[in-house]
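Shown next: coords-v1.cif, given as mmCIF, C-alpha atoms.
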```cif
data_run
loop_
_atom_site.label_atom_id
_atom_site.label_comp_id
_atom_site.auth_asym_id
_atom_site.auth_seq_id
_atom_site.Cartn_x
_atom_site.Cartn_y
_atom_site.Cartn_z
CA MET A 163 -5.66 90.09 -105.80
CA ARG A 164 -6.61 88.70 -109.17
CA THR A 165 -9.18 90.83 -110.97
CA THR A 166 -12.26 88.88 -111.99
CA ALA A 167 -14.83 89.75 -114.67
CA ALA A 168 -17.45 90.40 -111.98
CA ARG A 169 -15.11 92.75 -110.13
CA GLU A 170 -14.32 94.65 -113.32
CA GLN A 171 -18.02 95.01 -114.03
CA LEU A 172 -18.65 96.28 -110.50
CA VAL A 173 -15.82 98.82 -110.68
CA GLY A 174 -17.09 99.98 -114.07
CA SER A 175 -20.61 100.45 -112.73
CA ILE A 176 -19.31 102.48 -109.78
CA ALA A 177 -17.23 104.65 -112.10
CA ASP A 178 -20.21 105.22 -114.43
CA ALA A 179 -22.38 106.22 -111.46
CA ALA A 180 -19.72 108.64 -110.18
CA LEU A 181 -19.38 110.25 -113.62
CA ALA A 182 -23.16 110.53 -114.01
CA LEU A 183 -23.33 112.10 -110.56
CA MET A 184 -20.77 114.77 -111.36
CA THR A 185 -22.22 115.62 -114.78
CA GLY A 186 -25.73 115.94 -113.36
CA ASP A 187 -27.14 113.03 -115.37
CA LEU A 188 -27.98 111.16 -112.15
CA LEU A 189 -31.02 112.30 -110.12
CA PRO A 190 -32.02 115.05 -112.56
CA VAL A 191 -34.88 117.44 -111.82
CA PRO A 192 -37.48 117.65 -114.63
CA PRO A 193 -37.28 121.03 -116.43
CA ARG A 194 -40.93 121.73 -115.59
CA VAL A 195 -40.17 121.93 -111.87
CA ASP A 196 -36.54 123.04 -111.74
CA SER A 197 -37.57 126.56 -110.73
CA TYR A 198 -39.36 125.17 -107.64
CA PHE A 199 -37.41 122.10 -106.65
CA HIS A 200 -33.71 121.36 -106.13
CA SER A 201 -32.01 118.07 -106.86
CA LYS A 202 -30.26 116.08 -104.13
CA LEU A 203 -27.08 117.10 -105.96
CA HIS A 204 -27.73 120.73 -105.07
CA LYS A 205 -25.01 120.77 -102.39
CA ARG A 206 -21.54 122.24 -102.09
CA ASP A 207 -19.51 119.24 -103.32
CA THR A 208 -21.64 118.33 -106.37
CA PHE A 209 -23.52 121.51 -107.28
CA GLY A 210 -20.93 122.62 -109.85
CA GLY A 211 -19.74 119.20 -110.99
CA TRP A 212 -15.99 118.65 -111.09
CA GLU A 213 -15.41 122.37 -110.44
CA SER A 214 -16.99 121.88 -107.01
CA VAL A 215 -14.63 118.98 -106.33
CA ARG A 216 -11.60 121.04 -107.32
CA ALA A 217 -12.78 123.92 -105.16
CA HIS A 218 -12.70 121.69 -102.08
CA THR A 219 -9.44 119.82 -102.65
CA ALA A 220 -7.74 122.08 -100.09
CA GLY A 221 -10.36 121.27 -97.47
CA VAL A 222 -13.94 121.93 -96.42
CA PRO A 223 -14.96 124.66 -93.97
CA TYR A 224 -15.57 123.35 -90.48
CA SER A 225 -19.00 124.97 -90.49
CA ALA A 226 -19.96 122.81 -93.48
CA LEU A 227 -18.94 119.65 -91.65
CA LEU A 228 -20.93 120.69 -88.60
CA PHE A 229 -24.01 121.34 -90.73
CA GLN A 230 -23.67 117.96 -92.45
CA ARG A 231 -23.49 116.27 -89.06
CA TYR A 232 -26.51 118.26 -87.89
CA VAL A 233 -28.75 117.22 -90.80
CA GLY A 234 -27.32 113.71 -91.12
CA GLY A 235 -28.82 112.31 -87.95
CA VAL A 236 -32.27 113.74 -88.55
CA TRP A 237 -32.35 113.67 -92.34
CA ARG A 238 -35.37 111.37 -92.42
CA GLN A 239 -37.25 113.78 -90.17
CA VAL A 240 -36.30 116.65 -92.43
CA GLN A 241 -37.60 114.78 -95.48
CA ASP A 242 -40.85 113.91 -93.72
CA ALA A 243 -41.37 117.49 -92.54
CA TYR A 244 -41.03 118.80 -96.08
CA SER A 245 -42.85 116.02 -97.91
CA GLU A 246 -45.92 118.22 -98.44
CA ILE A 247 -43.78 121.05 -99.80
CA LYS A 248 -42.11 118.55 -102.12
CA GLY A 249 -45.51 117.48 -103.40
CA ASP A 250 -46.38 121.11 -104.06
CA ALA A 251 -43.19 121.76 -105.99
CA VAL A 252 -43.19 118.56 -108.03
CA LEU A 253 -46.86 118.34 -109.02
CA GLU A 254 -49.16 121.07 -107.72
CA PHE A 255 -47.16 124.07 -108.94
CA PRO A 256 -46.84 122.72 -112.51
CA LEU A 257 -50.58 121.99 -112.60
CA ARG A 258 -51.36 125.43 -111.22
CA ASP A 259 -49.13 127.03 -113.86
CA LEU A 260 -50.75 124.95 -116.61
CA LEU A 261 -54.28 125.92 -115.59
CA ASP A 262 -53.32 129.59 -115.25
CA ALA A 263 -51.69 129.58 -118.69
CA HIS A 264 -54.95 128.38 -120.25
CA SER A 265 -57.22 130.58 -118.10
CA VAL A 266 -58.92 127.61 -116.45
CA PRO A 267 -60.73 128.74 -113.27
CA TYR A 268 -60.08 126.55 -110.22
CA HIS A 269 -59.98 126.38 -106.46
CA ARG A 270 -56.69 125.22 -104.97
CA THR A 271 -56.71 123.86 -101.45
CA ALA A 272 -54.51 125.64 -98.92
CA ARG A 273 -51.71 123.59 -97.40
CA GLY A 274 -52.32 121.46 -94.33
CA ALA A 275 -55.23 119.76 -92.62
CA ALA A 276 -57.09 123.05 -92.14
CA GLY A 277 -56.99 123.77 -95.87
CA ALA A 278 -58.25 120.29 -96.74
CA ALA A 279 -61.06 120.63 -94.19
CA GLU A 280 -62.10 124.01 -95.63
CA THR A 281 -62.25 122.59 -99.15
CA ALA A 282 -64.18 119.53 -97.97
CA GLN A 283 -66.75 121.71 -96.23
CA ARG A 284 -67.11 124.15 -99.10
CA PHE A 285 -67.52 121.57 -101.86
CA GLY A 286 -68.90 118.62 -99.92
CA VAL A 287 -66.08 116.25 -100.91
CA LYS A 288 -64.12 114.58 -98.13
CA PRO A 289 -61.16 114.30 -98.06
CA GLY A 290 -60.69 117.73 -99.59
CA PRO A 291 -58.97 117.42 -102.99
CA ASP A 292 -56.00 119.54 -104.04
CA PHE A 293 -57.92 121.22 -106.90
CA VAL A 294 -61.58 121.73 -107.68
CA ILE A 295 -62.36 122.75 -111.28
CA PRO A 296 -63.94 125.17 -111.86
CA ASP A 297 -64.20 127.07 -108.60
CA GLU A 298 -67.89 127.73 -109.24
CA SER A 299 -70.27 124.88 -110.19
CA PRO A 300 -67.41 122.34 -110.24
CA THR A 301 -67.34 119.26 -112.45
CA LEU A 302 -63.87 117.88 -111.68
CA VAL A 303 -61.60 117.32 -108.68
CA VAL A 304 -57.86 116.73 -108.97
CA GLU A 305 -55.61 115.10 -106.39
CA SER A 306 -51.79 115.04 -106.68
CA LYS A 307 -49.65 112.42 -104.96
CA VAL A 308 -45.90 111.80 -104.91
CA ALA A 309 -44.88 108.33 -103.69
CA GLU A 310 -41.22 107.43 -103.27
CA ASP A 311 -41.82 103.90 -101.97
CA GLY A 312 -44.36 101.13 -102.37
CA GLY A 313 -45.87 101.51 -98.91
CA THR A 314 -46.56 105.19 -99.49
CA ALA A 315 -48.09 104.40 -102.89
CA ARG A 316 -50.42 101.86 -101.26
CA ASP A 317 -51.58 104.35 -98.61
CA LYS A 318 -52.07 107.16 -101.10
CA ALA A 319 -53.96 104.89 -103.48
CA ALA A 320 -56.43 104.21 -100.67
CA ARG A 321 -56.93 107.96 -100.17
CA ILE A 322 -57.48 108.45 -103.89
CA ARG A 323 -60.09 105.68 -103.98
CA THR A 324 -61.91 107.33 -101.06
CA LEU A 325 -61.78 110.70 -102.80
CA ALA A 326 -63.03 109.26 -106.09
CA ASP A 327 -65.99 107.65 -104.33
CA ALA A 328 -66.79 110.90 -102.51
CA ALA A 329 -66.55 112.90 -105.72
CA SER A 330 -68.80 110.46 -107.55
CA GLY A 331 -71.37 110.84 -104.80
CA ARG A 332 -71.45 114.57 -105.57
CA GLY A 333 -71.69 114.02 -109.33
CA LEU A 334 -68.06 115.02 -109.91
CA ASN A 335 -65.32 113.21 -111.80
CA ALA A 336 -61.97 112.53 -110.14
CA CYS A 337 -58.60 113.03 -111.78
CA VAL A 338 -55.19 112.32 -110.29
CA LEU A 339 -51.67 113.54 -110.96
CA ILE A 340 -49.02 111.17 -109.60
CA ASP A 341 -45.26 110.75 -109.69
CA GLY A 342 -42.44 108.97 -107.86
CA LYS A 343 -40.88 105.52 -108.07
CA GLY A 344 -43.27 104.14 -105.46
CA TRP A 345 -45.99 103.77 -108.07
CA THR A 346 -43.82 101.46 -110.16
CA GLU A 347 -42.79 99.51 -107.06
CA ARG A 348 -46.44 98.86 -106.18
CA PRO A 349 -48.23 98.26 -109.54
CA ASN A 350 -51.37 97.06 -107.76
CA ALA A 351 -51.70 100.47 -106.13
CA LEU A 352 -51.28 102.16 -109.50
CA CYS A 353 -53.91 99.87 -111.01
CA ASP A 354 -56.31 100.77 -108.19
CA VAL A 355 -55.78 104.48 -108.93
CA VAL A 356 -56.38 104.06 -112.66
CA LEU A 357 -59.59 102.14 -112.00
CA ALA A 358 -60.81 104.58 -109.35
CA THR A 359 -60.33 107.55 -111.69
CA GLN A 360 -61.63 105.68 -114.76
CA GLY A 361 -58.33 106.27 -116.52
CA ARG A 362 -57.98 109.95 -115.61
CA THR A 363 -54.50 109.31 -114.18
CA TYR A 364 -51.55 111.45 -115.27
CA THR A 365 -47.90 112.02 -114.41
CA LEU A 366 -45.64 115.03 -114.71
CA ALA A 367 -44.60 113.78 -118.16
CA THR A 368 -48.22 113.66 -119.37
CA ILE A 369 -49.63 116.61 -117.45
CA GLU A 370 -50.52 118.51 -120.65
CA GLN A 371 -53.09 115.81 -121.47
CA ILE A 372 -55.22 117.02 -118.56
CA LEU A 373 -56.25 119.89 -120.83
CA GLU A 374 -57.93 117.31 -123.10
CA LEU A 375 -60.43 116.29 -120.43
CA PRO A 376 -63.98 117.23 -121.54
CA GLU A 377 -64.59 119.12 -118.29
CA ILE A 378 -61.58 121.37 -118.92
CA GLN A 379 -62.14 121.70 -122.66
CA ALA A 380 -65.61 123.04 -121.91
CA LEU A 381 -64.01 125.77 -119.81
CA THR A 382 -61.35 126.70 -122.36
CA ARG A 383 -64.00 126.90 -125.07
CA ASP A 384 -65.92 129.32 -122.88
CA GLN A 385 -62.75 131.44 -122.62
CA ALA A 386 -62.25 131.54 -126.42
#
```
Any chance you could give the structure as structure tokens?
Amino acid sequence: MRTTAAREQLVGSIADAALALMTGDLLPVPPRVDSYFHSKLHKRDTFGGWESVRAHTAGVPYSALLFQRYVGGVWRQVQDAYSEIKGDAVLEFPLRDLLDAHSVPYHRTARGAAGAAETAQRFGVKPGPDFVIPDESPTLVVESKVAEDGGTARDKAARIRTLADAASGRGLNACVLIDGKGWTERPNALCDVVLATQGRTYTLATIEQILELPEIQALTRDQA
């Protein structure tokens, strides 16, 4: 078969992707969350790069193949079941660590519907936000949302708008911490979030800027 320019480009792209996969440059985990969250490459054949490949050239244990078959058919269900834990690891834990490091008092909502209901009842903001700052006489609520697809971003934007309206009704400002490719896939949803929070929208890359919010600076000044 005669090699065409398009075929050469395709083969080159595949080779580049394979190399990036094995060196860990593909699907990296941000340093801020690497102690809480594992990459999709954290598995026996790619965990150690090319060393992992060499270690399995003589074969793979049958138990490993059985496990792969077990998770393969229900992988979507596994991802859905752990989506809340993923949100915790990617966004909530870094924010918690940041607030703790600067002695900012806060209330963090317990996981699940019961935790959200308890926060909503205690602070009068429904749906219950992930963080209420400070925990006494609050002035700010913070919601964190990971969206890996446009549909999820749209649905979570609607929740954020509802939360922002509820917070405003209680005289509180709303802030949001978001991440995931879904927000870039659905720019209208991202725009809705920015408008609903009056610009108080941050990502993992800009999380430090949350400390510059007047509501939080007032608390850190009190700690000085």
Subject >> Contacts of Val308 of chain A within 9 Å, only C-alpha atoms, excl. fewer than 6 positions in-chain, as a PyMOL selection string >> reply: chain A and resi 245+248-249+252-253+314-315+318+339-345
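The shortest atom-to-atom distance to Gly361 of chain A, with only C-alpha atoms taken into account, belongs to A:Cys337 out of A:Leu261, A:Val173, A:Asp187, A:Cys337.
Interatomic distance, atom CA of Gly290 of chain A to atom CA of Ala278 of chain A: 4.5 Å.
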**OP:** List the residues matched by the PyMOL selection byres ((chain A and resi 321-330) around 7) in the displayed structure as a PyMOL selection string, ordered by chain and then by residue number.
**Re:** chain A and resi 287-289+317-320+331-336+355+358-359
**OP:** Evaluate the PyMOL selection byres ((chain A and resi 296) around 8) and record the selected residues as number ranges by chain, following the chain and residue labels used in the document.
**Re:** A: 266-269, 294-295, 297-302, 381
Original post:
atom CA of Asp178 of chain A to atom CA of Ala226 of chain A: how many Å, to one decimal?
Top reply: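 So the two atoms, atom CA of Asp178 of chain A and atom CA of Ala226 of chain A, lie 27.4 Å apart.
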Original post:
Contacts of Thr208 of chain A at 12 Å or less, counting all atoms listed in the file, minus same-chain residues fewer than 5 places along, as a PyMOL selection string?
Top reply: chain A and resi 180-189+201-203+213-218
Emit the selected residues as a PDB file, keeping the file's coordinate frame, including C-alpha atoms.
```pdb
ATOM      1  CA  ALA A 180     -19.720 108.640-110.180  1.00  0.00           C
ATOM      2  CA  LEU A 181     -19.380 110.250-113.620  1.00  0.00           C
ATOM      3  CA  ALA A 182     -23.160 110.530-114.010  1.00  0.00           C
ATOM      4  CA  LEU A 183     -23.330 112.100-110.560  1.00  0.00           C
ATOM      5  CA  MET A 184     -20.770 114.770-111.360  1.00  0.00           C
ATOM      6  CA  THR A 185     -22.220 115.620-114.780  1.00  0.00           C
ATOM      7  CA  GLY A 186     -25.730 115.940-113.360  1.00  0.00           C
ATOM      8  CA  ASP A 187     -27.140 113.030-115.370  1.00  0.00           C
ATOM      9  CA  LEU A 188     -27.980 111.160-112.150  1.00  0.00           C
ATOM     10  CA  LEU A 189     -31.020 112.300-110.120  1.00  0.00           C
ATOM     11  CA  SER A 201     -32.010 118.070-106.860  1.00  0.00           C
ATOM     12  CA  LYS A 202     -30.260 116.080-104.130  1.00  0.00           C
ATOM     13  CA  LEU A 203     -27.080 117.100-105.960  1.00  0.00           C
ATOM     14  CA  GLU A 213     -15.410 122.370-110.440  1.00  0.00           C
ATOM     15  CA  SER A 214     -16.990 121.880-107.010  1.00  0.00           C
ATOM     16  CA  VAL A 215     -14.630 118.980-106.330  1.00  0.00           C
ATOM     17  CA  ARG A 216     -11.600 121.040-107.320  1.00  0.00           C
ATOM     18  CA  ALA A 217     -12.780 123.920-105.160  1.00  0.00           C
ATOM     19  CA  HIS A 218     -12.700 121.690-102.080  1.00  0.00           C
TER      20      HIS A 218
END
```
Original post:
Rounded to one decimal in Å, what is the spacing between atom CA of Lys205 of chain A and atom CA of Ser175 of chain A?
Top reply: 23.2 Å
Mind telling me what the PyMOL selection byres ((chain A and resi 292) around 6) catches here, as a PDB file with C-alpha atoms, keeping the file's coordinate frame?
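The result, written out as expr-v8.pdb:
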```
ATOM      1  CA  ARG A 270     -56.690 125.220-104.970  1.00  0.00           C
ATOM      2  CA  THR A 271     -56.710 123.860-101.450  1.00  0.00           C
ATOM      3  CA  PRO A 291     -58.970 117.420-102.990  1.00  0.00           C
ATOM      4  CA  PHE A 293     -57.920 121.220-106.900  1.00  0.00           C
ATOM      5  CA  VAL A 304     -57.860 116.730-108.970  1.00  0.00           C
ATOM      6  CA  GLU A 305     -55.610 115.100-106.390  1.00  0.00           C
TER       7      GLU A 305
END
```
**OP:** Check the smallest atom-to-atom distance from each of A:Ala282, A:Val338, A:Val191, A:Ala351 to Asp311 of chain A using all atoms listed in the file, then report the winner.
**Re:**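 Residue with the minimum atom-to-atom distance to Asp311 of chain A: A:Ala351.
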What box, with edges along x, y and z, holds each listed atom of segment 356-370 of chain A when 6 Å is added on every side, and can you state its centre and edge lengths in Å to one decimal, as lines of an AutoDock Vina configuration file?
```
center_x = -53.1
center_y = 110.3
center_z = -115.0
size_x = 29.0
size_y = 28.4
size_z = 23.3
```
Original post:
Nearest to Pro192 of chain A: which of A:Thr365, A:Trp212, A:Gly277, A:Ser306 is it, counting all atoms listed in the file?
Top reply: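 Under the stated criterion, the closest residue is A:Thr365.
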